[in-house]
>>> print(open('my_file.cif').read())   # mmCIF, C-alpha atoms and all ligand atoms
data_start
loop_
_atom_site.label_atom_id
_atom_site.label_comp_id
_atom_site.auth_asym_id
_atom_site.auth_seq_id
_atom_site.Cartn_x
_atom_site.Cartn_y
_atom_site.Cartn_z
CA MET O 1 -163.67 -55.24 -140.73
CA GLU O 2 -166.48 -53.55 -138.76
CA ASP O 3 -165.64 -50.36 -136.85
CA ILE O 4 -165.96 -52.17 -133.52
CA GLU O 5 -163.40 -54.77 -134.66
CA ILE O 6 -160.97 -51.96 -135.59
CA TYR O 7 -161.40 -50.41 -132.12
CA ASN O 8 -160.90 -53.77 -130.41
CA LEU O 9 -157.77 -54.55 -132.41
CA ALA O 10 -156.37 -51.05 -131.80
CA THR O 11 -156.95 -51.15 -128.03
CA ASP O 12 -155.53 -54.69 -127.78
CA VAL O 13 -152.34 -53.74 -129.65
CA ILE O 14 -151.75 -50.49 -127.74
CA SER O 15 -152.64 -52.02 -124.33
CA SER O 16 -150.14 -54.78 -124.81
CA ILE O 17 -147.35 -52.35 -125.84
CA ALA O 18 -148.17 -50.03 -122.92
CA ALA O 19 -148.14 -52.97 -120.45
CA ASP O 20 -144.75 -54.00 -121.81
CA LEU O 21 -143.37 -50.44 -121.50
CA ASN O 22 -144.70 -50.15 -117.93
CA GLU O 23 -143.21 -53.47 -116.92
CA ASN O 24 -139.82 -53.13 -118.60
CA LEU O 25 -139.12 -49.39 -118.53
CA TYR O 26 -141.43 -47.19 -116.46
CA SER O 27 -141.57 -49.43 -113.37
CA LYS O 28 -137.74 -49.48 -113.24
CA ILE O 29 -137.70 -45.72 -112.63
CA ASN O 30 -140.87 -45.62 -110.47
CA GLY O 31 -142.80 -44.06 -113.31
CA VAL O 32 -146.11 -44.85 -114.92
CA LEU O 33 -147.49 -44.65 -118.44
CA SER O 34 -151.26 -44.39 -118.99
CA VAL O 35 -153.16 -44.62 -122.25
CA LEU O 36 -156.54 -42.92 -122.56
CA TRP O 37 -158.82 -43.75 -125.47
CA ARG O 38 -160.83 -40.68 -126.46
CA THR O 39 -164.22 -40.80 -128.12
CA ASP O 40 -164.10 -37.26 -129.63
CA GLU O 41 -164.42 -37.60 -133.38
CA LYS O 42 -160.97 -36.24 -134.11
CA PHE O 43 -158.10 -37.59 -136.12
CA ASN O 44 -155.50 -36.91 -133.49
CA ALA O 45 -153.08 -38.32 -130.95
CA SER O 46 -151.59 -36.37 -128.09
CA ALA O 47 -149.25 -36.74 -125.13
CA GLN O 48 -148.93 -35.15 -121.74
CA SER O 49 -146.21 -35.28 -119.12
CA ASN O 50 -147.64 -34.76 -115.64
CA SER O 51 -144.30 -34.76 -113.85
CA LYS O 52 -141.31 -32.47 -113.66
CA VAL O 53 -138.20 -33.60 -115.50
CA ASP O 54 -136.38 -34.40 -112.24
CA GLU O 55 -139.28 -36.53 -110.94
CA PRO O 56 -140.25 -40.08 -111.95
CA PRO O 57 -142.26 -39.83 -115.18
CA VAL O 58 -146.06 -39.70 -115.05
CA HIS O 59 -146.89 -39.87 -118.72
CA THR O 60 -150.19 -40.06 -120.58
CA VAL O 61 -150.83 -40.79 -124.24
CA ASN O 62 -154.27 -39.92 -125.63
CA MET O 63 -155.29 -42.11 -128.51
CA TYR O 64 -158.49 -41.45 -130.47
CA TYR O 65 -160.84 -44.17 -131.72
CA GLU O 66 -161.46 -42.00 -134.77
CA LEU O 67 -157.73 -42.02 -135.54
CA ALA O 68 -157.71 -45.84 -135.50
CA ARG O 69 -160.86 -46.03 -137.64
CA GLN O 70 -159.62 -43.60 -140.27
CA LEU O 71 -156.15 -45.18 -140.43
CA TYR O 72 -157.68 -48.59 -141.10
CA ARG O 73 -160.18 -47.25 -143.66
CA ASP O 74 -157.37 -45.48 -145.53
CA ILE O 75 -155.33 -48.68 -145.67
CA GLU O 76 -158.38 -50.54 -146.96
CA GLU O 77 -158.88 -47.89 -149.64
CA TYR O 78 -155.16 -47.88 -150.52
CA CYS O 79 -155.17 -51.67 -150.99
CA ALA O 80 -158.28 -51.42 -153.23
CA TYR O 81 -156.47 -48.70 -155.22
CA ILE O 82 -153.41 -50.93 -155.77
CA GLU O 83 -155.61 -53.92 -156.67
CA SER O 84 -157.53 -51.82 -159.21
CA GLU O 85 -154.21 -51.31 -161.11
CA CYS O 86 -155.53 -47.93 -162.33
CA ASP O 87 -152.09 -46.34 -161.96
CA LYS O 88 -150.07 -49.43 -162.89
CA PRO O 89 -148.76 -47.76 -166.09
CA ILE O 90 -147.27 -44.95 -163.95
CA PHE O 91 -145.69 -47.41 -161.52
CA ASP O 92 -144.39 -49.46 -164.47
CA THR O 93 -142.76 -46.32 -165.94
CA LEU O 94 -141.27 -45.16 -162.66
CA PHE O 95 -140.16 -48.48 -161.23
CA GLY O 96 -140.66 -51.21 -163.85
CA SER O 97 -137.04 -51.50 -164.94
CA HIS O 98 -135.85 -52.60 -161.47
CA HIS O 99 -135.29 -56.33 -160.97
CA LYS O 100 -137.17 -56.21 -157.64
CA TYR O 101 -140.32 -54.80 -159.26
CA LYS O 102 -143.09 -57.33 -158.70
CA GLU O 103 -146.38 -57.40 -156.85
CA LEU O 104 -147.11 -54.26 -154.82
CA ILE O 105 -149.04 -56.24 -152.20
CA PRO O 106 -146.93 -59.30 -151.35
CA SER O 107 -148.68 -62.65 -151.80
CA SER O 108 -146.78 -64.08 -148.84
CA PHE O 109 -149.58 -62.59 -146.68
CA SER O 110 -153.32 -62.97 -147.23
CA LYS O 111 -155.01 -59.67 -148.14
CA ALA O 112 -156.70 -59.50 -144.73
CA GLU O 113 -153.39 -60.19 -142.97
CA TYR O 114 -151.59 -57.57 -145.04
CA LYS O 115 -154.14 -54.87 -144.15
CA LYS O 116 -154.02 -55.90 -140.50
CA ASN O 117 -150.20 -55.82 -140.41
CA MET O 118 -150.12 -52.44 -142.12
CA PHE O 119 -152.71 -51.09 -139.70
CA ILE O 120 -150.76 -52.37 -136.67
CA SER O 121 -147.57 -50.77 -138.08
CA THR O 122 -149.29 -47.44 -138.64
CA LEU O 123 -150.94 -47.34 -135.24
CA THR O 124 -147.79 -48.50 -133.46
CA TRP O 125 -145.72 -45.83 -135.18
CA VAL O 126 -148.18 -43.10 -134.13
CA PHE O 127 -148.11 -44.41 -130.55
CA PHE O 128 -144.30 -44.55 -130.43
CA HIS O 129 -144.13 -41.04 -131.88
CA GLU O 130 -146.09 -39.89 -128.78
CA ILE O 131 -143.90 -42.00 -126.48
CA ALA O 132 -140.83 -40.38 -128.08
CA HIS O 133 -142.18 -36.88 -127.31
CA LEU O 134 -142.60 -38.01 -123.70
CA ASN O 135 -139.31 -39.89 -123.45
CA GLN O 136 -137.42 -36.83 -124.70
CA GLU O 137 -139.63 -34.49 -122.62
CA HIS O 138 -140.40 -32.26 -125.60
CA GLY O 139 -143.20 -30.55 -123.67
CA HIS O 140 -140.57 -29.36 -121.19
CA ILE O 141 -138.19 -28.22 -123.95
CA ARG O 142 -140.92 -26.32 -125.78
CA SER O 143 -142.31 -24.64 -122.66
CA GLN O 144 -138.84 -23.80 -121.32
CA ILE O 145 -137.50 -22.25 -124.51
CA LEU O 146 -140.74 -20.64 -125.61
CA GLN O 147 -141.71 -19.62 -122.07
CA SER O 148 -145.16 -21.12 -122.22
CA ASP O 149 -147.17 -23.15 -119.67
CA ASN O 150 -148.35 -25.57 -122.30
CA HIS O 151 -146.75 -28.99 -121.70
CA SER O 152 -149.11 -30.99 -123.87
CA ILE O 153 -148.22 -32.23 -127.33
CA ASP O 154 -150.88 -32.44 -130.04
CA GLU O 155 -150.51 -33.84 -133.52
CA CYS O 156 -153.51 -32.10 -135.08
CA ASN O 157 -156.21 -29.50 -134.61
CA ILE O 158 -153.93 -27.04 -132.90
CA TYR O 159 -155.53 -23.65 -132.47
CA LYS O 160 -153.98 -21.13 -134.86
CA SER O 161 -150.97 -23.46 -135.29
CA GLU O 162 -150.47 -22.21 -138.85
CA ASN O 163 -149.48 -18.82 -137.42
CA LEU O 164 -146.50 -20.26 -135.58
CA GLU O 165 -143.22 -19.10 -137.11
CA GLY O 166 -139.66 -18.06 -136.26
CA ARG O 167 -138.02 -19.67 -133.27
CA ALA O 168 -141.21 -21.30 -131.97
CA ALA O 169 -141.83 -23.05 -135.30
CA ALA O 170 -138.16 -24.15 -135.47
CA ILE O 171 -138.42 -25.77 -132.01
CA TYR O 172 -141.69 -27.48 -132.93
CA HIS O 173 -140.46 -28.80 -136.29
CA THR O 174 -137.17 -30.05 -134.82
CA THR O 175 -138.83 -31.87 -131.92
CA GLU O 176 -141.34 -33.40 -134.36
CA MET O 177 -138.45 -34.72 -136.44
CA ALA O 178 -136.81 -36.11 -133.30
CA ALA O 179 -140.04 -37.91 -132.32
CA ASP O 180 -140.39 -39.26 -135.88
CA PHE O 181 -136.84 -40.58 -135.77
CA GLU O 182 -137.20 -42.38 -132.44
CA ALA O 183 -140.58 -43.89 -133.41
CA VAL O 184 -139.23 -45.24 -136.71
CA TYR O 185 -136.19 -46.71 -134.95
CA ILE O 186 -138.38 -48.56 -132.41
CA CYS O 187 -140.68 -49.90 -135.15
CA ILE O 188 -137.94 -51.15 -137.49
CA LYS O 189 -136.09 -52.74 -134.58
CA GLU O 190 -139.32 -54.63 -133.81
CA LEU O 191 -139.65 -55.74 -137.45
CA VAL O 192 -136.28 -57.49 -137.19
CA ARG O 193 -137.40 -59.18 -133.97
CA HIS O 194 -140.64 -60.47 -135.53
CA PHE O 195 -139.76 -61.30 -139.13
CA LYS O 196 -136.91 -63.05 -140.93
CA GLY O 197 -135.90 -63.58 -144.56
CA MET O 198 -138.50 -62.85 -147.24
CA ASP O 199 -141.14 -61.97 -144.62
CA LEU O 200 -138.79 -59.27 -143.29
CA GLU O 201 -138.10 -58.01 -146.81
CA ASP O 202 -141.86 -57.73 -147.44
CA SER O 203 -142.31 -56.05 -144.05
CA ILE O 204 -139.82 -53.30 -144.92
CA GLY O 205 -141.98 -52.34 -147.90
CA SER O 206 -145.20 -52.58 -145.96
CA PHE O 207 -143.74 -50.45 -143.13
CA ALA O 208 -142.70 -47.77 -145.65
CA CYS O 209 -146.33 -47.90 -146.90
CA ALA O 210 -147.80 -47.74 -143.40
CA LEU O 211 -145.59 -44.83 -142.35
CA SER O 212 -146.46 -42.92 -145.52
CA CYS O 213 -150.20 -43.56 -144.97
CA ALA O 214 -150.00 -42.10 -141.44
CA LEU O 215 -147.96 -39.07 -142.49
CA TYR O 216 -150.08 -38.15 -145.51
CA LYS O 217 -153.20 -38.51 -143.37
CA PHE O 218 -151.86 -36.21 -140.65
CA HIS O 219 -150.84 -33.73 -143.30
CA GLY O 220 -154.38 -33.52 -144.70
CA ILE O 221 -155.08 -31.38 -147.74
CA LYS O 222 -152.51 -28.66 -147.06
CA PRO O 223 -150.13 -27.84 -149.93
CA LEU O 224 -147.07 -30.08 -150.01
CA ASN O 225 -144.59 -27.34 -150.84
CA ILE O 226 -142.01 -26.48 -148.24
CA ASP O 227 -140.85 -23.03 -147.26
CA SER O 228 -137.29 -22.05 -146.44
CA ALA O 229 -138.33 -21.26 -142.86
CA PRO O 230 -140.32 -23.55 -140.56
CA LYS O 231 -143.97 -22.53 -140.24
CA GLY O 232 -146.71 -24.07 -138.09
CA THR O 233 -146.12 -26.96 -135.70
CA HIS O 234 -145.20 -29.82 -138.04
CA PRO O 235 -142.78 -30.21 -140.97
CA SER O 236 -144.26 -31.00 -144.38
CA VAL O 237 -145.07 -34.66 -144.95
CA ILE O 238 -142.58 -34.76 -147.82
CA VAL O 239 -139.74 -33.43 -145.65
CA ARG O 240 -140.60 -35.97 -142.97
CA LEU O 241 -140.56 -38.80 -145.51
CA GLU O 242 -137.37 -37.53 -147.13
CA HIS O 243 -135.65 -38.07 -143.78
CA LEU O 244 -137.46 -41.15 -142.51
CA LEU O 245 -137.13 -43.29 -145.64
CA PRO O 246 -133.29 -42.93 -145.59
CA GLN O 247 -133.38 -43.79 -141.88
CA ILE O 248 -135.13 -47.09 -142.79
CA TRP O 249 -132.75 -48.06 -145.59
CA GLU O 250 -129.66 -47.02 -143.65
CA PHE O 251 -130.76 -49.19 -140.70
CA PHE O 252 -131.33 -52.25 -142.89
CA ASP O 253 -128.08 -51.61 -144.73
CA ILE O 254 -126.13 -52.43 -141.53
CA ALA O 255 -124.45 -55.86 -141.93
CA GLU O 256 -125.43 -57.01 -138.40
CA VAL O 257 -129.09 -56.11 -139.01
CA GLN O 258 -129.12 -58.06 -142.30
CA SER O 259 -127.52 -61.05 -140.63
CA LEU O 260 -129.96 -60.96 -137.69
CA GLY O 261 -132.92 -60.58 -140.05
CA LYS O 262 -131.58 -63.21 -142.50
CA ILE O 263 -131.85 -60.86 -145.49
CA LYS O 264 -129.36 -59.93 -148.18
CA LEU O 265 -130.26 -56.65 -149.82
CA SER O 266 -127.99 -54.11 -151.43
CA ARG O 267 -128.36 -50.46 -150.51
CA SER O 268 -129.90 -49.70 -153.90
CA GLU O 269 -132.46 -52.49 -153.40
CA LEU O 270 -133.36 -51.09 -149.99
CA VAL O 271 -133.73 -47.58 -151.40
CA TYR O 272 -135.89 -48.97 -154.18
CA ILE O 273 -138.20 -50.92 -151.81
CA CYS O 274 -138.77 -47.89 -149.58
CA GLU O 275 -139.23 -45.39 -152.42
CA LEU O 276 -141.54 -47.63 -154.44
CA HIS O 277 -143.94 -48.26 -151.57
CA SER O 278 -143.95 -44.70 -150.34
CA VAL O 279 -144.55 -43.26 -153.82
CA THR O 280 -147.55 -45.59 -154.32
CA VAL O 281 -149.08 -44.04 -151.17
CA GLY O 282 -148.23 -40.53 -152.38
CA LEU O 283 -149.98 -41.21 -155.67
CA PHE O 284 -152.94 -42.75 -153.85
CA TRP O 285 -153.30 -39.50 -151.85
CA PHE O 286 -152.90 -37.46 -155.00
CA ARG O 287 -155.81 -39.41 -156.56
CA LYS O 288 -157.88 -39.35 -153.36
CA GLN O 289 -157.71 -35.57 -153.19
CA LEU O 290 -158.49 -35.19 -156.89
CA LEU O 291 -155.59 -32.82 -157.44
CA SER O 292 -154.70 -31.53 -160.87
CA GLU O 293 -151.89 -33.25 -162.79
CA GLU O 294 -149.37 -30.42 -162.38
CA LYS O 295 -149.34 -31.14 -158.62
CA PHE O 296 -148.08 -34.68 -159.20
CA HIS O 297 -144.37 -33.78 -158.85
CA GLU O 298 -145.07 -32.60 -155.29
CA PHE O 299 -145.74 -36.22 -154.34
CA LEU O 300 -142.35 -37.49 -155.47
CA HIS O 301 -139.49 -37.51 -152.98
CA ILE O 302 -136.17 -35.93 -153.76
CA ARG O 303 -133.60 -34.67 -151.26
CA THR O 304 -135.00 -31.87 -149.09
CA ILE O 305 -131.84 -29.85 -149.72
CA ASP O 306 -132.45 -29.99 -153.47
CA ARG O 307 -135.80 -28.22 -153.08
CA ILE O 308 -136.05 -24.47 -153.32
CA GLY O 309 -135.50 -23.25 -149.78
CA GLY O 310 -134.74 -26.78 -148.58
CA ARG O 311 -131.12 -26.14 -147.65
CA GLU O 312 -132.04 -23.05 -145.59
CA TYR O 313 -134.81 -25.02 -143.92
CA MET O 314 -132.44 -27.85 -142.92
CA LYS O 315 -129.82 -25.37 -141.67
CA THR O 316 -132.43 -24.11 -139.21
CA ILE O 317 -133.43 -27.64 -138.16
CA ILE O 318 -129.86 -28.86 -137.63
CA SER O 319 -128.82 -25.71 -135.73
CA THR O 320 -131.92 -25.99 -133.53
CA TRP O 321 -131.23 -29.66 -132.88
CA ASP O 322 -127.61 -28.92 -131.91
CA GLU O 323 -128.91 -26.33 -129.50
CA ILE O 324 -131.53 -28.52 -127.75
CA GLU O 325 -129.84 -31.94 -127.94
CA PRO O 326 -127.77 -31.53 -124.72
CA GLU O 327 -130.93 -30.71 -122.72
CA ILE O 328 -132.81 -33.62 -124.31
CA ASN O 329 -129.93 -35.95 -123.56
CA LYS O 330 -129.94 -34.82 -119.96
CA ASN O 331 -133.69 -35.32 -119.49
CA LYS O 332 -134.51 -38.33 -121.61
CA ARG O 333 -136.05 -41.17 -119.64
CA PHE O 334 -134.80 -44.26 -121.45
CA ASP O 335 -131.37 -44.55 -122.84
CA ASP O 336 -130.96 -45.95 -126.33
CA PRO O 337 -128.42 -43.79 -128.18
CA LEU O 338 -129.57 -45.07 -131.57
CA ALA O 339 -133.08 -43.72 -130.92
CA LEU O 340 -131.88 -40.12 -130.83
CA LEU O 341 -132.07 -37.99 -133.98
CA ARG O 342 -128.70 -37.47 -135.63
CA PHE O 343 -127.36 -35.83 -138.75
CA THR O 344 -124.23 -37.39 -140.19
CA GLY O 345 -121.12 -35.33 -140.83
CA GLN O 346 -121.59 -35.88 -144.57
CA TYR O 347 -125.18 -34.58 -144.46
CA ARG O 348 -124.12 -31.55 -142.42
CA GLU O 349 -121.45 -30.78 -145.02
CA LEU O 350 -124.06 -30.91 -147.78
CA VAL O 351 -126.50 -28.72 -145.88
CA PHE O 352 -123.94 -26.14 -144.82
CA GLU O 353 -122.31 -26.31 -148.27
CA THR O 354 -118.85 -27.05 -147.01
CA ILE O 355 -118.58 -29.63 -149.82
CA ASN O 356 -120.15 -29.68 -153.27
CA SER O 357 -123.31 -31.74 -153.53
ZN ZN O 401 -145.56 -35.11 -132.76
#
>>> encode(input="my_file.cif", output="structure tokens")
Amino acid sequence: MEDIEIYNLATDVISSIAADLNENLYSKINGVLSVLWRTDEKFNASAQSNSKVDEPPVHTVNMYYELARQLYRDIEEYCAYIESECDKPIFDTLFGSHHKYKELIPSSFSKAEYKKNMFISTLTWVFFHEIAHLNQEHGHIRSQILQSDNHSIDECNIYKSENLEGRAAAIYHTTEMAADFEAVYICIKELVRHFKGMDLEDSIGSFACALSCALYKFHGIKPLNIDSAPKGTHPSVIVRLEHLLPQIWEFFDIAEVQSLGKIKLSRSELVYICELHSVTVGLFWFRKQLLSEEKFHEFLHIRTIDRIGGREYMKTIISTWDEIEPEINKNKRFDDPLALLRFTGQYRELVFETINS
């Protein structure tokens, strides 16, 4: 696909979602959502709320043509990497014994269709991540708690963002995880609306791929290790995936969702589909960045709480979420309780060590 075709597809997809949101949500509360396409050569997306929380929402999402171009080019490169089978022996070793192990790019779609679907998933997830920041008025939360005038939300290129630590970093990381959660929920709900049966099963894998592509890209070439305390504005890509992949398999493990989507998958099959596809993207990034072999383990997901410092990190995130959730609940613009970040009682017990893991 030529660059201009990528831009046209991206603007068509986002315009149609924005028109739908304006018609079905924003107009009902006298609000308005605008999307601005920026020509700066940055891999970024950002959001801005131009209204107070007690006024009808005037929200803007800035999308960047360069973001769309790079997302598509990465997907193209990822698909070429899978087709080259250069790492097939590793995938065979890690996943080959599972009865669901078959083609990594499903033949139910043409190659062009698969890339296009993955691209639309990636772009849509990024867009809904920005919408989630706006819906939950994270700019307000951040500026109120951190006493700053900055209401805008940026995903990349934040001046001196790596110096952020302590309470400020905890608020940023927690609101990022809340935006991730809502965006994934919206996207997987849409998958069930659009696909049924085997097409839905294939779409779960391709969404796990698409999500991983976007997250690794945003993460860039920073080290993948996590610290016990939040630092900077965004959680590590691995921590984000270690929470979003379970969100996907837990959603599709619900009996009503399986019945609506005409699929029959056990929990272990769902876990397998998500992990397999996400790990192939992790390995692709590992190869793309020409990292040395000893770094490979950093690209494999485990449970965040099993990492050194992971339990302390999640204690901070959960405590911060418990602190800001009432204010977010009060201010959020559109009410879908399932879209709001939550930590189950069982997970809280594991993190706070009230039961043995
Ligand atoms: Zn964000």
>>> residues_near_point(input="my_file.cif", point="(-133.5, -42.1, -127.0)", cutoff="10 Å", atoms="all atoms listed in the file", output="PDB file with C-alpha atoms, in the frame of the given file")
ATOM      1  CA  ALA O 132    -140.830 -40.380-128.080  1.00  0.00           C
ATOM      2  CA  ASN O 135    -139.310 -39.890-123.450  1.00  0.00           C
ATOM      3  CA  GLN O 136    -137.420 -36.830-124.700  1.00  0.00           C
ATOM      4  CA  ALA O 178    -136.810 -36.110-133.300  1.00  0.00           C
ATOM      5  CA  ALA O 179    -140.040 -37.910-132.320  1.00  0.00           C
ATOM      6  CA  PHE O 181    -136.840 -40.580-135.770  1.00  0.00           C
ATOM      7  CA  GLU O 182    -137.200 -42.380-132.440  1.00  0.00           C
ATOM      8  CA  ALA O 183    -140.580 -43.890-133.410  1.00  0.00           C
ATOM      9  CA  TYR O 185    -136.190 -46.710-134.950  1.00  0.00           C
ATOM     10  CA  ILE O 186    -138.380 -48.560-132.410  1.00  0.00           C
ATOM     11  CA  ILE O 328    -132.810 -33.620-124.310  1.00  0.00           C
ATOM     12  CA  ASN O 329    -129.930 -35.950-123.560  1.00  0.00           C
ATOM     13  CA  LYS O 332    -134.510 -38.330-121.610  1.00  0.00           C
ATOM     14  CA  ARG O 333    -136.050 -41.170-119.640  1.00  0.00           C
ATOM     15  CA  PHE O 334    -134.800 -44.260-121.450  1.00  0.00           C
ATOM     16  CA  ASP O 335    -131.370 -44.550-122.840  1.00  0.00           C
ATOM     17  CA  ASP O 336    -130.960 -45.950-126.330  1.00  0.00           C
ATOM     18  CA  PRO O 337    -128.420 -43.790-128.180  1.00  0.00           C
ATOM     19  CA  LEU O 338    -129.570 -45.070-131.570  1.00  0.00           C
ATOM     20  CA  ALA O 339    -133.080 -43.720-130.920  1.00  0.00           C
ATOM     21  CA  LEU O 340    -131.880 -40.120-130.830  1.00  0.00           C
ATOM     22  CA  LEU O 341    -132.070 -37.990-133.980  1.00  0.00           C
TER      23      LEU O 341
END
>>> residues_near_ligand(input="my_file.cif", ligand="ligand ZN 401 (chain O)", cutoff="9 Å", atoms="only C-alpha atoms and all ligand atoms", output="PDB file with C-alpha atoms, in the frame of the given file")
ATOM      1  CA  ALA O  45    -153.080 -38.320-130.950  1.00  0.00           C
ATOM      2  CA  SER O  46    -151.590 -36.370-128.090  1.00  0.00           C
ATOM      3  CA  ALA O  47    -149.250 -36.740-125.130  1.00  0.00           C
ATOM      4  CA  VAL O 126    -148.180 -43.100-134.130  1.00  0.00           C
ATOM      5  CA  HIS O 129    -144.130 -41.040-131.880  1.00  0.00           C
ATOM      6  CA  GLU O 130    -146.090 -39.890-128.780  1.00  0.00           C
ATOM      7  CA  ALA O 132    -140.830 -40.380-128.080  1.00  0.00           C
ATOM      8  CA  HIS O 133    -142.180 -36.880-127.310  1.00  0.00           C
ATOM      9  CA  ILE O 153    -148.220 -32.230-127.330  1.00  0.00           C
ATOM     10  CA  ASP O 154    -150.880 -32.440-130.040  1.00  0.00           C
ATOM     11  CA  GLU O 155    -150.510 -33.840-133.520  1.00  0.00           C
ATOM     12  CA  CYS O 156    -153.510 -32.100-135.080  1.00  0.00           C
ATOM     13  CA  TYR O 172    -141.690 -27.480-132.930  1.00  0.00           C
ATOM     14  CA  HIS O 173    -140.460 -28.800-136.290  1.00  0.00           C
ATOM     15  CA  THR O 175    -138.830 -31.870-131.920  1.00  0.00           C
ATOM     16  CA  GLU O 176    -141.340 -33.400-134.360  1.00  0.00           C
ATOM     17  CA  MET O 177    -138.450 -34.720-136.440  1.00  0.00           C
ATOM     18  CA  ALA O 178    -136.810 -36.110-133.300  1.00  0.00           C
ATOM     19  CA  ALA O 179    -140.040 -37.910-132.320  1.00  0.00           C
ATOM     20  CA  ASP O 180    -140.390 -39.260-135.880  1.00  0.00           C
ATOM     21  CA  THR O 233    -146.120 -26.960-135.700  1.00  0.00           C
ATOM     22  CA  HIS O 234    -145.200 -29.820-138.040  1.00  0.00           C
TER      23      HIS O 234
END
>>> closest_residue(input="my_file.cif", among="O:Cys86, O:Leu25, O:Leu241, O:Ala10", to="Tyr65 (chain O)", atoms="only C-alpha atoms")
O:Ala10
>>> residues_around(input="my_file.cif", residues="His219 (chain O)", least_positions_apart="5", cutoff="12 Å", atoms="only C-alpha atoms", output="PyMOL selection string")
chain O and resi 43-44+155-157+212-214+224-225+232-241+282+285
>>> atom_distance(input="my_file.cif", atom1="CA of His98 (chain O)", atom2="CA of Glu256 (chain O)")
25.7 Å
>>> closest_residue(input="my_file.cif", among="O:Val271, O:Ala112, O:Val35, O:Val257", to="Phe95 (chain O)", atoms="all atoms listed in the file")
O:Val271
>>> residues_around(input="my_file.cif", residues="Thr124 (chain O)", least_positions_apart="4", cutoff="9 Å", atoms="all atoms listed in the file", output="number ranges by chain")
O: 13-14, 17, 119-120, 128-129, 183, 187
>>> closest_residue(input="my_file.cif", among="O:Ile75, O:Ser110, O:Arg69, O:Glu190", to="Trp125 (chain O)", atoms="all atoms listed in the file")
O:Glu190
>>> atom_distance(input="my_file.cif", atom1="CA of Val32 (chain O)", atom2="CA of His59 (chain O)")
6.3 Å
>>> residues_around(input="my_file.cif", residues="region 114-118 of chain O", least_positions_apart="2", cutoff="8 Å", atoms="only C-alpha atoms", output="number ranges by chain")
O: 72, 75-76, 79, 105, 109-112, 120-122, 206-207, 209-210
>>> atom_distance(input="my_file.cif", atom1="CA of Phe251 (chain O)", atom2="CA of Val184 (chain O)")
10.2 Å
>>> residues_near_point(input="my_file.cif", point="(-129.8, -55.1, -142.5)", cutoff="12 Å", atoms="only C-alpha atoms", output="ChimeraX atom specification")
/O:188-189,191-192,196-197,200-201,204,247-267,269-270
>>> closest_residue(input="my_file.cif", among="O:Leu21, O:Ser148, O:Pro326, O:Val281", to="Leu215 (chain O)", atoms="all atoms listed in the file")
O:Val281
>>> closest_residue(input="my_file.cif", among="O:Phe284, O:Leu67, O:Ser34, O:Ala168", to="Glu83 (chain O)", atoms="only C-alpha atoms")
O:Phe284
